[in-house]
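Text of run_10.txt (compact mmCIF, C-alpha atoms and all ligand atoms) as supplied:
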```txt
# COMPACT_ATOMS: atom_id res chain seq x y z
CA MET A 1 33.29 -1.77 27.55
CA LYS A 2 31.20 0.78 25.65
CA VAL A 3 28.78 -0.50 22.99
CA ALA A 4 27.58 1.61 20.05
CA TYR A 5 24.59 0.54 17.97
CA THR A 6 23.13 1.69 14.69
CA CYS A 7 20.29 0.27 12.59
CA PHE A 8 20.40 -0.12 8.81
CA THR A 9 17.73 -0.98 6.25
CA THR A 10 19.86 -0.21 3.20
CA GLU A 11 20.95 -2.67 0.54
CA LEU A 12 23.78 -0.49 -0.75
CA ILE A 13 26.44 0.96 1.54
CA HIS A 14 27.39 4.56 0.85
CA ALA A 15 29.56 7.25 2.44
CA GLY A 16 26.80 8.13 4.92
CA HIS A 17 26.78 4.62 6.43
CA ILE A 18 30.59 4.49 6.54
CA ASN A 19 30.61 7.83 8.33
CA ILE A 20 28.21 6.55 11.02
CA ILE A 21 30.42 3.49 11.61
CA LYS A 22 33.50 5.74 11.85
CA GLU A 23 31.79 7.90 14.47
CA ALA A 24 30.71 4.77 16.36
CA CYS A 25 34.30 3.42 16.38
CA LYS A 26 35.53 6.71 17.89
CA ILE A 27 33.28 6.48 20.95
CA ALA A 28 32.87 2.75 21.59
CA ASP A 29 34.85 -0.49 21.98
CA LYS A 30 32.22 -2.56 20.21
CA VAL A 31 30.09 -1.59 17.19
CA ILE A 32 26.88 -3.51 16.55
CA ILE A 33 24.74 -3.04 13.46
CA GLY A 34 21.06 -3.86 13.51
CA CYS A 35 19.51 -5.20 10.35
CA LEU A 36 15.86 -4.12 10.49
CA SER A 37 13.71 -7.18 9.77
CA ASP A 38 11.56 -7.39 6.63
CA LYS A 39 8.45 -7.46 8.82
CA ALA A 40 9.41 -4.23 10.62
CA ILE A 41 10.27 -2.52 7.33
CA ILE A 42 6.95 -3.54 5.80
CA THR A 43 4.95 -2.56 8.86
CA TYR A 44 6.50 0.86 9.35
CA GLU A 45 7.89 1.93 6.00
CA LYS A 46 5.42 0.06 3.74
CA THR A 47 8.28 -1.03 1.56
CA ILE A 48 10.47 -4.09 1.26
CA PRO A 49 14.14 -4.26 0.32
CA THR A 50 14.98 -6.11 -2.87
CA ILE A 51 17.56 -8.28 -1.07
CA SER A 52 16.85 -10.69 1.79
CA GLU A 53 17.63 -10.26 5.50
CA GLU A 54 20.44 -12.83 5.15
CA GLU A 55 22.04 -10.90 2.28
CA ARG A 56 21.79 -7.64 4.21
CA ILE A 57 23.40 -9.22 7.28
CA LYS A 58 26.27 -10.46 5.11
CA LEU A 59 26.66 -7.01 3.56
CA TYR A 60 26.75 -5.20 6.94
CA ASN A 61 29.23 -7.75 8.34
CA SER A 62 31.62 -6.88 5.53
CA ILE A 63 31.93 -3.22 6.59
CA PRO A 64 35.28 -2.54 8.31
CA GLY A 65 34.83 -1.58 11.98
CA VAL A 66 31.65 -3.64 12.48
CA ASN A 67 31.95 -6.22 15.29
CA GLU A 68 28.54 -7.82 15.16
CA VAL A 69 25.29 -7.75 13.18
CA VAL A 70 21.93 -8.58 14.76
CA ILE A 71 18.34 -8.60 13.52
CA GLN A 72 16.22 -5.75 14.85
CA GLN A 73 12.55 -6.73 15.01
CA ASP A 74 11.06 -3.50 16.28
CA ALA A 75 11.26 -0.22 14.35
CA PHE A 76 11.12 1.55 17.73
CA TYR A 77 14.28 -0.30 18.97
CA ASN A 78 12.60 -1.83 22.07
CA ASP A 79 14.00 -5.34 21.49
CA ILE A 80 17.52 -3.97 21.00
CA ILE A 81 17.39 -1.70 24.05
CA ASP A 82 16.05 -4.59 26.20
CA ASP A 83 18.56 -7.19 24.93
CA ILE A 84 21.76 -5.20 24.27
CA LYS A 85 21.38 -2.01 26.33
CA PRO A 86 23.73 -0.05 24.01
CA ASP A 87 25.58 2.91 25.52
CA PHE A 88 25.07 4.85 22.30
CA ILE A 89 22.57 4.64 19.47
CA LEU A 90 23.75 6.50 16.38
CA HIS A 91 21.57 7.66 13.49
CA GLY A 92 21.80 10.23 10.69
CA ASP A 93 20.38 13.51 12.00
CA ASN A 94 17.61 13.33 9.37
CA TRP A 95 15.66 11.33 11.97
CA LYS A 96 14.97 14.60 13.77
CA GLU A 97 12.42 15.28 11.02
CA THR A 98 8.87 13.89 10.90
CA PRO A 99 7.85 11.11 10.84
CA MET A 100 11.10 9.58 12.18
CA ASN A 101 11.33 12.03 15.07
CA SER A 102 8.82 9.94 17.04
CA ILE A 103 11.26 7.00 16.90
CA ARG A 104 14.13 9.28 17.93
CA SER A 105 12.34 10.66 20.99
CA HIS A 106 11.21 7.17 22.03
CA VAL A 107 14.79 5.84 21.76
CA LYS A 108 16.20 8.88 23.57
CA ASN A 109 13.79 8.44 26.50
CA ARG A 110 14.51 4.73 26.78
CA LEU A 111 18.31 5.25 26.68
CA GLU A 112 18.11 7.95 29.33
CA GLU A 113 16.53 5.40 31.71
CA TYR A 114 19.97 3.79 32.12
CA GLY A 115 22.38 6.58 31.12
CA GLY A 116 22.69 5.76 27.42
CA ALA A 117 22.67 8.46 24.73
CA VAL A 118 21.44 9.16 21.22
CA ILE A 119 24.12 10.46 18.84
CA ASP A 120 22.84 12.38 15.83
CA VAL A 121 25.42 12.10 13.06
CA PRO A 122 25.18 14.90 10.45
CA TYR A 123 23.54 13.40 7.32
CA THR A 124 25.94 13.01 4.40
CA TYR A 125 24.36 15.03 1.57
CA THR A 126 26.77 14.19 -1.26
CA GLU A 127 25.88 13.67 -4.90
CA GLU A 128 26.84 9.98 -4.60
CA VAL A 129 24.52 9.47 -1.60
CA ARG A 130 21.65 11.28 -3.35
CA LYS A 131 22.11 9.10 -6.44
CA ILE A 132 22.13 5.87 -4.40
CA ASP A 133 18.98 6.89 -2.50
CA LEU A 134 17.27 7.64 -5.82
CA LEU A 135 18.47 4.41 -7.40
CA LEU A 136 17.10 2.33 -4.52
CA ARG A 137 13.73 4.02 -4.82
CA GLU A 138 13.64 3.55 -8.58
CA LYS A 139 14.47 -0.12 -8.13
CA LEU A 140 11.45 -0.58 -5.86
CA SER A 141 9.18 0.70 -8.63
CA MET A 142 10.36 -1.97 -11.08
CA PRO A 143 7.67 -4.54 -12.03
CA GLU A 144 9.45 -7.58 -10.58
CA TYR A 145 9.77 -5.97 -7.13
CA ARG A 146 6.48 -4.09 -7.01
CA ARG A 147 4.35 -7.03 -8.19
CA LYS A 148 5.36 -9.42 -5.40
CA ARG A 149 5.06 -6.92 -2.58
CA LEU A 150 1.29 -7.32 -2.14
CA LYS A 151 1.56 -11.03 -1.30
CA LYS A 152 4.40 -10.28 1.13
CA VAL A 153 2.45 -7.53 2.87
CA ILE A 154 -0.63 -9.75 3.20
CA GLU A 155 1.60 -12.46 4.70
CA MET A 156 3.25 -10.12 7.20
CA CYS A 157 0.51 -7.69 8.26
CA SER A 158 -2.80 -8.55 9.87
CA LEU A 159 -4.68 -5.98 7.81
CA ILE A 160 -3.68 -3.91 4.84
CA LYS A 161 -5.13 -0.60 3.70
CA ILE A 162 -5.49 0.38 0.06
CA MET A 163 -6.53 3.80 -1.23
CA GLU A 164 -7.86 4.65 -4.69
CA ALA A 165 -5.66 6.54 -7.12
CA HIS A 166 -6.61 7.65 -10.62
CA SER A 167 -3.66 9.82 -11.73
CA GLY A 168 0.02 10.42 -11.04
CA LEU A 169 -0.86 13.09 -8.50
CA THR A 170 -3.35 10.98 -6.54
CA GLY A 171 -0.82 8.12 -6.69
CA LEU A 172 1.77 10.40 -5.12
CA ILE A 173 -0.65 11.38 -2.35
CA VAL A 174 -1.32 7.72 -1.54
CA GLU A 175 2.39 6.91 -1.74
CA LYS A 176 3.57 9.70 0.53
CA THR A 177 0.86 10.50 3.08
CA VAL A 178 1.99 9.46 6.57
CA VAL A 179 0.42 10.34 9.90
CA GLN A 180 1.71 9.67 13.38
CA LYS A 181 -0.66 8.26 15.96
CA ASP A 182 0.21 6.93 19.42
CA GLY A 183 3.89 7.02 18.52
CA LYS A 184 3.32 4.90 15.39
CA PHE A 185 3.20 5.65 11.68
CA GLU A 186 0.05 5.14 9.65
CA GLN A 187 0.18 4.95 5.88
CA PHE A 188 -1.47 3.14 2.97
CA ASP A 189 -0.07 -0.15 1.70
CA GLY A 190 -1.01 0.30 -1.92
CA MET A 191 -3.32 1.71 -4.54
CA TRP A 192 -6.68 0.70 -6.04
CA ILE A 193 -7.29 1.60 -9.65
CA SER A 194 -11.05 1.94 -9.38
CA SER A 195 -13.15 1.61 -12.53
CA LEU A 196 -15.55 4.16 -11.03
CA CYS A 197 -12.87 6.78 -10.34
CA ASP A 198 -10.88 6.13 -13.51
CA SER A 199 -14.10 6.57 -15.53
CA THR A 200 -15.25 9.59 -13.50
CA ALA A 201 -11.88 11.32 -13.99
CA LYS A 202 -12.55 11.04 -17.73
CA GLY A 203 -16.14 12.24 -17.38
CA LYS A 204 -17.47 8.82 -18.40
CA PRO A 205 -19.95 6.42 -16.73
CA ASP A 206 -18.65 3.30 -14.95
CA ILE A 207 -19.92 0.80 -17.55
CA GLU A 208 -16.67 -0.67 -18.95
CA LEU A 209 -16.74 2.14 -21.51
CA VAL A 210 -13.19 3.31 -20.77
CA ASP A 211 -11.19 0.72 -22.67
CA MET A 212 -8.24 -1.31 -21.36
CA THR A 213 -5.67 0.73 -23.27
CA SER A 214 -6.85 3.83 -21.45
CA ARG A 215 -7.05 2.02 -18.08
CA PHE A 216 -3.46 0.79 -18.59
CA ARG A 217 -2.39 4.37 -19.35
CA THR A 218 -3.74 5.39 -15.91
CA ILE A 219 -1.77 2.57 -14.30
CA ASP A 220 1.35 3.67 -16.12
CA ASP A 221 0.95 7.31 -15.00
CA ILE A 222 0.73 6.10 -11.40
CA MET A 223 3.57 3.62 -11.73
CA GLU A 224 5.90 6.26 -13.07
CA VAL A 225 5.85 8.17 -9.78
CA THR A 226 5.19 5.55 -7.08
CA THR A 227 6.53 2.28 -5.68
CA LYS A 228 3.59 0.83 -3.71
CA PRO A 229 1.65 -2.23 -4.95
CA ILE A 230 -1.35 -1.81 -7.23
CA ILE A 231 -4.68 -3.64 -7.21
CA PHE A 232 -6.57 -3.22 -10.46
CA ASP A 233 -10.36 -3.12 -10.69
CA GLY A 234 -10.89 -5.39 -13.67
CA ASP A 235 -14.71 -4.95 -13.72
CA THR A 236 -16.19 -8.20 -15.15
CA GLY A 237 -12.87 -9.16 -16.71
CA GLY A 238 -14.68 -9.07 -20.09
CA LEU A 239 -14.76 -12.16 -22.25
CA THR A 240 -12.62 -15.01 -20.91
CA GLU A 241 -10.72 -14.94 -24.20
CA HIS A 242 -9.86 -11.28 -23.51
CA PHE A 243 -9.29 -11.65 -19.76
CA VAL A 244 -6.29 -13.94 -20.26
CA TYR A 245 -4.57 -11.16 -22.21
CA THR A 246 -5.45 -8.62 -19.51
CA VAL A 247 -3.84 -10.87 -16.89
CA ARG A 248 -0.63 -11.11 -18.90
CA SER A 249 -0.51 -7.35 -19.49
CA LEU A 250 -1.14 -6.46 -15.85
CA GLU A 251 1.44 -8.95 -14.69
CA ARG A 252 4.02 -7.62 -17.11
CA MET A 253 3.39 -4.06 -15.94
CA GLY A 254 3.99 -5.01 -12.31
CA VAL A 255 0.40 -4.87 -11.05
CA SER A 256 -0.02 -7.19 -8.03
CA ALA A 257 -3.66 -8.19 -8.29
CA VAL A 258 -6.79 -7.89 -10.38
CA ILE A 259 -10.27 -8.08 -8.90
CA ILE A 260 -13.03 -9.27 -11.23
CA GLU A 261 -16.72 -9.25 -10.36
CA ASP A 262 -19.23 -11.98 -11.16
CA LYS A 263 -21.42 -9.94 -13.47
CA LYS A 264 -22.05 -10.16 -17.20
CA GLY A 265 -23.60 -8.07 -19.93
CA LEU A 266 -23.69 -4.31 -19.45
CA LYS A 267 -21.95 -3.72 -16.13
CA LYS A 268 -23.26 -0.94 -13.88
CA ASN A 269 -21.65 0.26 -10.68
CA SER A 270 -22.59 -1.99 -7.74
CA LEU A 271 -23.52 0.93 -5.52
CA PHE A 272 -26.70 1.37 -7.63
CA GLY A 273 -27.83 -1.99 -6.19
CA ASN A 274 -31.14 -3.23 -7.63
CA GLU A 275 -32.10 0.28 -8.77
CA VAL A 276 -30.65 -0.68 -12.16
CA ILE A 277 -30.50 -3.96 -14.04
CA HIS A 278 -27.33 -6.00 -13.57
CA THR A 279 -26.93 -9.63 -14.48
CA GLN A 280 -24.86 -11.94 -12.31
CA ALA A 281 -22.65 -14.38 -14.17
CA ASP A 282 -23.43 -18.07 -13.69
CA LYS A 283 -21.18 -19.72 -11.15
CA PRO A 284 -19.55 -22.28 -13.52
CA GLU A 285 -18.99 -19.63 -16.19
CA PHE A 286 -17.25 -17.31 -13.73
CA CYS A 287 -15.20 -20.21 -12.29
CA GLU A 288 -14.00 -20.89 -15.81
CA LYS A 289 -12.88 -17.28 -16.22
CA ILE A 290 -10.92 -17.45 -12.96
CA SER A 291 -9.24 -20.73 -13.94
CA ALA A 292 -8.36 -19.41 -17.40
CA GLY A 293 -6.78 -16.31 -15.82
CA LYS A 294 -4.78 -18.43 -13.37
CA LYS A 295 -3.53 -20.61 -16.20
CA ALA A 296 -2.49 -17.55 -18.20
CA GLN A 297 -0.35 -15.91 -15.51
CA LEU A 298 3.38 -16.49 -15.65
CA THR A 299 4.62 -15.70 -12.12
CA ASP A 300 3.53 -16.85 -8.66
CA ASP A 301 3.33 -13.23 -7.50
CA PHE A 302 0.17 -12.15 -9.30
CA MET A 303 -3.24 -12.55 -7.64
CA ILE A 304 -6.67 -12.97 -9.19
CA ILE A 305 -9.32 -11.99 -6.67
CA ALA A 306 -12.95 -12.95 -7.25
CA ARG A 307 -15.61 -10.42 -6.30
CA ILE A 308 -19.03 -11.67 -5.29
CA GLU A 309 -22.06 -9.54 -6.10
CA SER A 310 -24.70 -11.78 -4.46
CA LEU A 311 -25.32 -9.43 -1.51
CA ILE A 312 -25.48 -6.36 -3.77
CA LEU A 313 -28.06 -8.17 -5.94
CA GLU A 314 -29.94 -9.49 -2.87
CA LYS A 315 -29.39 -13.13 -3.81
CA GLY A 316 -28.77 -14.14 -0.20
CA MET A 317 -25.94 -15.24 2.04
CA LYS A 318 -26.01 -18.87 0.93
CA ASP A 319 -25.49 -17.88 -2.69
CA ALA A 320 -22.60 -15.60 -1.69
CA LEU A 321 -20.90 -18.34 0.33
CA ASP A 322 -21.46 -21.08 -2.27
CA ARG A 323 -19.89 -18.84 -4.87
CA ALA A 324 -16.97 -17.92 -2.59
CA PHE A 325 -16.01 -21.56 -2.02
CA ALA A 326 -16.48 -22.39 -5.71
CA TYR A 327 -14.30 -19.45 -6.78
CA VAL A 328 -11.53 -20.47 -4.37
CA GLU A 329 -11.79 -24.03 -5.72
CA ALA A 330 -11.43 -22.60 -9.26
CA GLY A 331 -8.15 -20.96 -8.25
CA ALA A 332 -9.05 -17.49 -6.92
CA ASP A 333 -6.28 -16.09 -4.71
CA GLY A 334 -8.73 -14.02 -2.69
CA ILE A 335 -12.40 -13.16 -2.30
CA MET A 336 -13.92 -9.71 -2.33
CA ILE A 337 -17.36 -9.48 -0.77
CA HIS A 338 -19.36 -6.35 -1.44
CA SER A 339 -22.44 -4.78 0.12
CA ARG A 340 -24.16 -1.43 -0.13
CA ARG A 341 -25.89 -1.60 3.24
CA LYS A 342 -25.10 1.14 5.73
CA GLU A 343 -24.50 -1.47 8.42
CA ALA A 344 -21.68 -3.99 8.16
CA ASP A 345 -23.80 -6.85 9.54
CA GLU A 346 -24.10 -8.92 6.34
CA ILE A 347 -20.42 -8.41 5.51
CA LEU A 348 -19.42 -9.62 8.99
CA GLU A 349 -21.79 -12.59 8.77
CA PHE A 350 -20.25 -13.54 5.43
CA CYS A 351 -16.70 -13.22 6.80
CA ASP A 352 -17.46 -15.31 9.91
CA LYS A 353 -19.13 -18.07 7.88
CA PHE A 354 -16.40 -18.06 5.22
CA ARG A 355 -13.63 -18.11 7.85
CA SER A 356 -15.26 -21.03 9.71
CA LYS A 357 -14.37 -23.16 6.66
CA ASP A 358 -11.47 -21.30 5.07
CA LYS A 359 -8.87 -19.83 7.41
CA THR A 360 -6.41 -18.56 4.85
CA THR A 361 -7.83 -17.19 1.60
CA PRO A 362 -7.56 -13.40 1.82
CA ILE A 363 -10.85 -11.51 2.19
CA VAL A 364 -11.19 -8.04 0.66
CA VAL A 365 -13.89 -5.50 1.56
CA VAL A 366 -14.80 -2.05 0.27
CA PRO A 367 -16.47 -0.12 3.11
CA SER A 368 -17.93 2.77 1.07
CA SER A 369 -21.49 2.38 2.41
CA PHE A 370 -20.76 0.59 5.70
CA ASN A 371 -18.20 3.20 6.62
CA ALA A 372 -18.71 3.28 10.40
CA ILE A 373 -16.91 0.00 10.98
CA THR A 374 -13.22 0.28 11.87
CA GLU A 375 -10.33 -1.55 10.28
CA GLU A 376 -9.70 -3.32 13.62
CA GLU A 377 -13.27 -4.68 13.76
CA LEU A 378 -13.02 -5.92 10.18
CA ALA A 379 -9.70 -7.62 10.95
CA GLU A 380 -11.30 -9.39 13.95
CA HIS A 381 -13.72 -11.00 11.49
CA GLY A 382 -10.93 -12.22 9.23
CA VAL A 383 -10.72 -9.38 6.70
CA ASN A 384 -7.23 -8.94 5.20
CA ILE A 385 -7.59 -6.03 2.78
CA VAL A 386 -9.66 -2.87 3.17
CA ILE A 387 -10.05 -0.80 0.01
CA TYR A 388 -11.03 2.86 0.28
CA ALA A 389 -12.37 2.81 -3.26
CA ASN A 390 -13.40 6.36 -4.15
CA GLN A 391 -12.65 8.82 -1.33
CA LEU A 392 -9.99 10.90 -3.14
CA THR A 393 -12.28 11.52 -6.12
CA ARG A 394 -15.17 12.40 -3.83
CA ALA A 395 -12.95 14.76 -1.79
CA ALA A 396 -11.60 16.64 -4.80
CA PHE A 397 -14.84 17.10 -6.70
CA PRO A 398 -16.77 19.32 -4.22
CA ALA A 399 -13.63 21.37 -3.49
CA MET A 400 -13.05 22.09 -7.20
CA LYS A 401 -16.72 22.81 -7.88
CA SER A 402 -17.04 25.35 -5.07
CA VAL A 403 -13.86 27.15 -6.21
CA CYS A 404 -15.35 27.44 -9.73
CA GLU A 405 -18.62 28.80 -8.33
CA ASP A 406 -16.88 31.37 -6.12
CA ILE A 407 -14.60 32.66 -8.92
CA LEU A 408 -17.64 33.03 -11.20
CA TYR A 409 -19.52 34.83 -8.46
CA ASN A 410 -16.71 37.22 -7.44
CA HIS A 411 -15.14 37.81 -10.88
CA ARG A 412 -11.71 37.16 -9.33
CA ALA A 413 -9.79 34.46 -7.43
CA LYS A 414 -8.88 36.33 -4.21
CA GLU A 415 -11.86 34.98 -2.23
CA VAL A 416 -10.84 31.35 -2.77
CA ASP A 417 -7.14 31.82 -2.12
CA ASP A 418 -7.14 30.69 1.51
CA ARG A 419 -8.62 27.33 0.41
CA LEU A 420 -5.81 26.71 -2.07
CA MET A 421 -2.39 25.17 -1.86
CA SER A 422 0.27 27.87 -2.25
CA ILE A 423 2.06 28.24 -5.59
CA ASN A 424 5.28 27.40 -3.76
CA GLU A 425 3.82 24.17 -2.39
CA ILE A 426 2.51 23.08 -5.78
CA ILE A 427 5.78 23.66 -7.60
CA ASN A 428 7.69 21.80 -4.91
CA LEU A 429 5.23 18.94 -4.65
CA ILE A 430 6.79 16.84 -7.37
CA ASP A 431 10.30 15.49 -6.85
CA GLU A 432 12.69 15.80 -9.76
CA ILE A 433 14.52 12.60 -10.47
CA VAL A 434 17.73 13.89 -12.03
C1 LIG B 1 -14.88 0.80 -7.99
O1 LIG B 1 -14.25 1.52 -7.19
O2 LIG B 1 -14.94 1.03 -9.19
C2 LIG B 1 -15.55 -0.41 -7.50
C3 LIG B 1 -15.99 -0.48 -6.10
O3 LIG B 1 -15.77 -1.29 -8.29
S1 LIG B 1 -17.65 0.03 -6.06
O4 LIG B 1 -17.72 1.35 -6.69
O5 LIG B 1 -18.04 0.09 -4.68
O6 LIG B 1 -18.44 -0.92 -6.82
MG MG B 2 -15.45 -0.81 -10.28
```
Rewrite the coordinates I just gave you, this time as structure tokens.
Ligand code: SPV
Ligand code: MG
Amino acid sequence: MKVAYTCFTTELIHAGHINIIKEACKIADKVIIGCLSDKAIITYEKTIPTISEEERIKLYNSIPGVNEVVIQQDAFYNDIIDDIKPDFILHGDNWKETPMNSIRSHVKNRLEEYGGAVIDVPYTYTEEVRKIDLLLREKLSMPEYRRKRLKKVIEMCSLIKIMEAHSGLTGLIVEKTVVQKDGKFEQFDGMWISSLCDSTAKGKPDIELVDMTSRFRTIDDIMEVTTKPIIFDGDTGGLTEHFVYTVRSLERMGVSAVIIEDKKGLKKNSLFGNEVIHTQADKPEFCEKISAGKKAQLTDDFMIIARIESLILEKGMKDALDRAFAYVEAGADGIMIHSRRKEADEILEFCDKFRSKDKTTPIVVVPSSFNAITEEELAEHGVNIVIYANQLTRAAFPAMKSVCEDILYNHRAKEVDDRLMSINEIINLIDEIV
């Protein structure tokens, strides 16, 4: 008896899926559909379907020609190949393209070990299929789906990686950049709306000068073209009476988390350290702000993360830890600990001491200064979220400045051309949605 297998992640069946099943029925006696688990989808595709595994299983079972539906736990099909040993694994031939081609070649090699075969079914490029693909993507960008994804990802992945974005274009870069390493995909889990980069993009200092209306406009520009979760840098959160409104607005927009730092008065960027005057908020006062924010939020999805500035302000480890436990007690859904030392030693000491008492509250770090430490090492010390807070801004600025200088120097643009994206690439960069 020949067994054909195909794996689905979809939540809407279209002509392309029906075609694959039809092809499977032609060559096999039994057709099994794999429903890729939420965990595998989150780990490899950095997305999550809007319907549950159970609902997807029910949906796939209802397709004529399907004999059985199973859960597939591994995006690289190892569990399925070990357990079922299908004679054929069918997939749309779009998996010959990067990044999916690494899965295809892995599956092909494993099937060849016992005489099985990969069948590439020509992808169904109809208008209906294109519209459904677009619709599913649009749905993922809706506030109710986007907002809750951060909590899900934290729950399912040992470490999550967030990159700063300050415009639609940088949002798109964070959304779409994928690299393959050791047969796996690497991509960012979400975006950080940095106060430093949002202010810098507007030519303004990072002192809470760019007002919330303008910061929300940046979020909206990014949300219009992406689906990944967003963590907002809320600076000090402002007055408690204002912060509660900010929480409501962010939640309504579909932002997943806000991080507020325990400073007051005129806020300066933390990376100045004690070179400038910053004032740390009193512990009870900041606890009150956290609690007020938690009371104001309307869903369980939204997170308020408390950022501790004690190490930046050289107030000592004990102060940092006392504040961390107090902030969690006040309702904080996570703790961000910051440092501007080159070495990660004080961050790791904080994480170890915090984790010895609190095993679950997510820890966030921003390794801008202590940039030699790897994500894996941070995860070993209990870190859950790594934020790359300013690298896109810092990458773009020198590149743009040197192009300006060279055009001024040469009185033409020819000399800089080989450093530039082609006109063709730039006009094709943005997908049209209709
Ligand atoms: C930001 O990106 O604006 C931050 C992180 O707040 S840091 O600049 O390191 O303070
Ligand atoms: Mg900031």
Which value, in Å to one decimal, gives the distance between CA of Glu128 (chain A) and CA of Glu54 (chain A)?
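A separation of 25.6 Å between them.
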What residues of the protein or nucleic acid chains come within 12 Å of ligand MG 2 (chain B) when you use all atoms listed in the file? Reply as a ChimeraX atom specification.
/A:164,192-200,205-210,215,231-237,258-263,267-272,307,309,338,366,387,389-390
Write the selection just made, keeping C-alpha atoms, as a short mmCIF file (atom, residue, chain, number, x, y, z; two decimals), in the frame of the given file?
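The resulting file, out27.cif, is shown below:
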```cif
data_model
loop_
_atom_site.label_atom_id
_atom_site.label_comp_id
_atom_site.auth_asym_id
_atom_site.auth_seq_id
_atom_site.Cartn_x
_atom_site.Cartn_y
_atom_site.Cartn_z
CA GLU A 164 -7.86 4.65 -4.69
CA TRP A 192 -6.68 0.70 -6.04
CA ILE A 193 -7.29 1.60 -9.65
CA SER A 194 -11.05 1.94 -9.38
CA SER A 195 -13.15 1.61 -12.53
CA LEU A 196 -15.55 4.16 -11.03
CA CYS A 197 -12.87 6.78 -10.34
CA ASP A 198 -10.88 6.13 -13.51
CA SER A 199 -14.10 6.57 -15.53
CA THR A 200 -15.25 9.59 -13.50
CA PRO A 205 -19.95 6.42 -16.73
CA ASP A 206 -18.65 3.30 -14.95
CA ILE A 207 -19.92 0.80 -17.55
CA GLU A 208 -16.67 -0.67 -18.95
CA LEU A 209 -16.74 2.14 -21.51
CA VAL A 210 -13.19 3.31 -20.77
CA ARG A 215 -7.05 2.02 -18.08
CA ILE A 231 -4.68 -3.64 -7.21
CA PHE A 232 -6.57 -3.22 -10.46
CA ASP A 233 -10.36 -3.12 -10.69
CA GLY A 234 -10.89 -5.39 -13.67
CA ASP A 235 -14.71 -4.95 -13.72
CA THR A 236 -16.19 -8.20 -15.15
CA GLY A 237 -12.87 -9.16 -16.71
CA VAL A 258 -6.79 -7.89 -10.38
CA ILE A 259 -10.27 -8.08 -8.90
CA ILE A 260 -13.03 -9.27 -11.23
CA GLU A 261 -16.72 -9.25 -10.36
CA ASP A 262 -19.23 -11.98 -11.16
CA LYS A 263 -21.42 -9.94 -13.47
CA LYS A 267 -21.95 -3.72 -16.13
CA LYS A 268 -23.26 -0.94 -13.88
CA ASN A 269 -21.65 0.26 -10.68
CA SER A 270 -22.59 -1.99 -7.74
CA LEU A 271 -23.52 0.93 -5.52
CA PHE A 272 -26.70 1.37 -7.63
CA ARG A 307 -15.61 -10.42 -6.30
CA GLU A 309 -22.06 -9.54 -6.10
CA HIS A 338 -19.36 -6.35 -1.44
CA VAL A 366 -14.80 -2.05 0.27
CA ILE A 387 -10.05 -0.80 0.01
CA ALA A 389 -12.37 2.81 -3.26
CA ASN A 390 -13.40 6.36 -4.15
#
```
Top pick for closest residue to Asp301 (chain A), considering A:Glu175, A:Asp93, A:Asp333, A:Asp431 and counting all atoms listed in the file
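The answer is A:Asp333, which sits nearest to Asp301 (chain A).
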For Val129 (chain A), please output as number ranges by chain all residues within 9 Å (counting all atoms listed in the file; exclusion window: fewer than 5 positions along the same chain).
A: 14-16, 124, 134
So which one's closest to Thr43 (chain A), A:Ile27, A:Ala332, A:Val118, A:Cys157? Using all atoms listed in the file, please.
A:Cys157
Have a look at A:Tyr388, A:Tyr60, A:Tyr5, A:Phe185 and name the one nearest to ligand LIG 1 (chain B); count all atoms listed in the file.
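The closest residue to ligand LIG 1 (chain B) is A:Tyr388.
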Provide the CA of Pro64 (chain A) to CA of Glu112 (chain A) distance in Å, to one decimal place.
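Those two atoms sit 29.1 Å apart.
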Between CA of Ser256 (chain A) and CA of Arg147 (chain A), what is the spacing in Å?
4.4 Å
Provide an axis-aligned box for all listed atoms of ligand LIG 1 (chain B), padding each side by 8 Å; report its centre and its edge lengths in Å to one decimal, as AutoDock Vina command-line options.
```
--center_x -16.3 --center_y 0.1 --center_z -6.9 --size_x 20.2 --size_y 18.8 --size_z 20.5
```
Go through A:Leu111, A:Val328, A:Val255, A:Ile385 and flag the residue nearest Leu159 (chain A), using only C-alpha atoms for the distances.
A:Ile385
So which residues touch Tyr44 (chain A) within 10 Å, counting only C-alpha atoms, skipping near sequence neighbours fewer than 5 positions away, as a PyMOL selection string?
chain A and resi 39+74-76+184-187
Output file for the residues above (C-alpha atoms, as a PDB file, in the coordinates of the input):
```
ATOM      1  CA  LYS A  39       8.450  -7.460   8.820  1.00  0.00           C
ATOM      2  CA  ASP A  74      11.060  -3.500  16.280  1.00  0.00           C
ATOM      3  CA  ALA A  75      11.260  -0.220  14.350  1.00  0.00           C
ATOM      4  CA  PHE A  76      11.120   1.550  17.730  1.00  0.00           C
ATOM      5  CA  LYS A 184       3.320   4.900  15.390  1.00  0.00           C
ATOM      6  CA  PHE A 185       3.200   5.650  11.680  1.00  0.00           C
ATOM      7  CA  GLU A 186       0.050   5.140   9.650  1.00  0.00           C
ATOM      8  CA  GLN A 187       0.180   4.950   5.880  1.00  0.00           C
TER       9      GLN A 187
END
```
Among the residues A:Val247, A:Val3, A:Ala201, A:Leu59, the one that comes closest to ligand LIG 1 (chain B) [using all atoms listed in the file]
A:Ala201
List the residues sitting within 12 Å of (0.2, -13.4, -1.5) in the file's frame, using only C-alpha atoms, as a ChimeraX atom specification.
/A:147-157,229,256-257,299-305,332-334,360-363,384-385
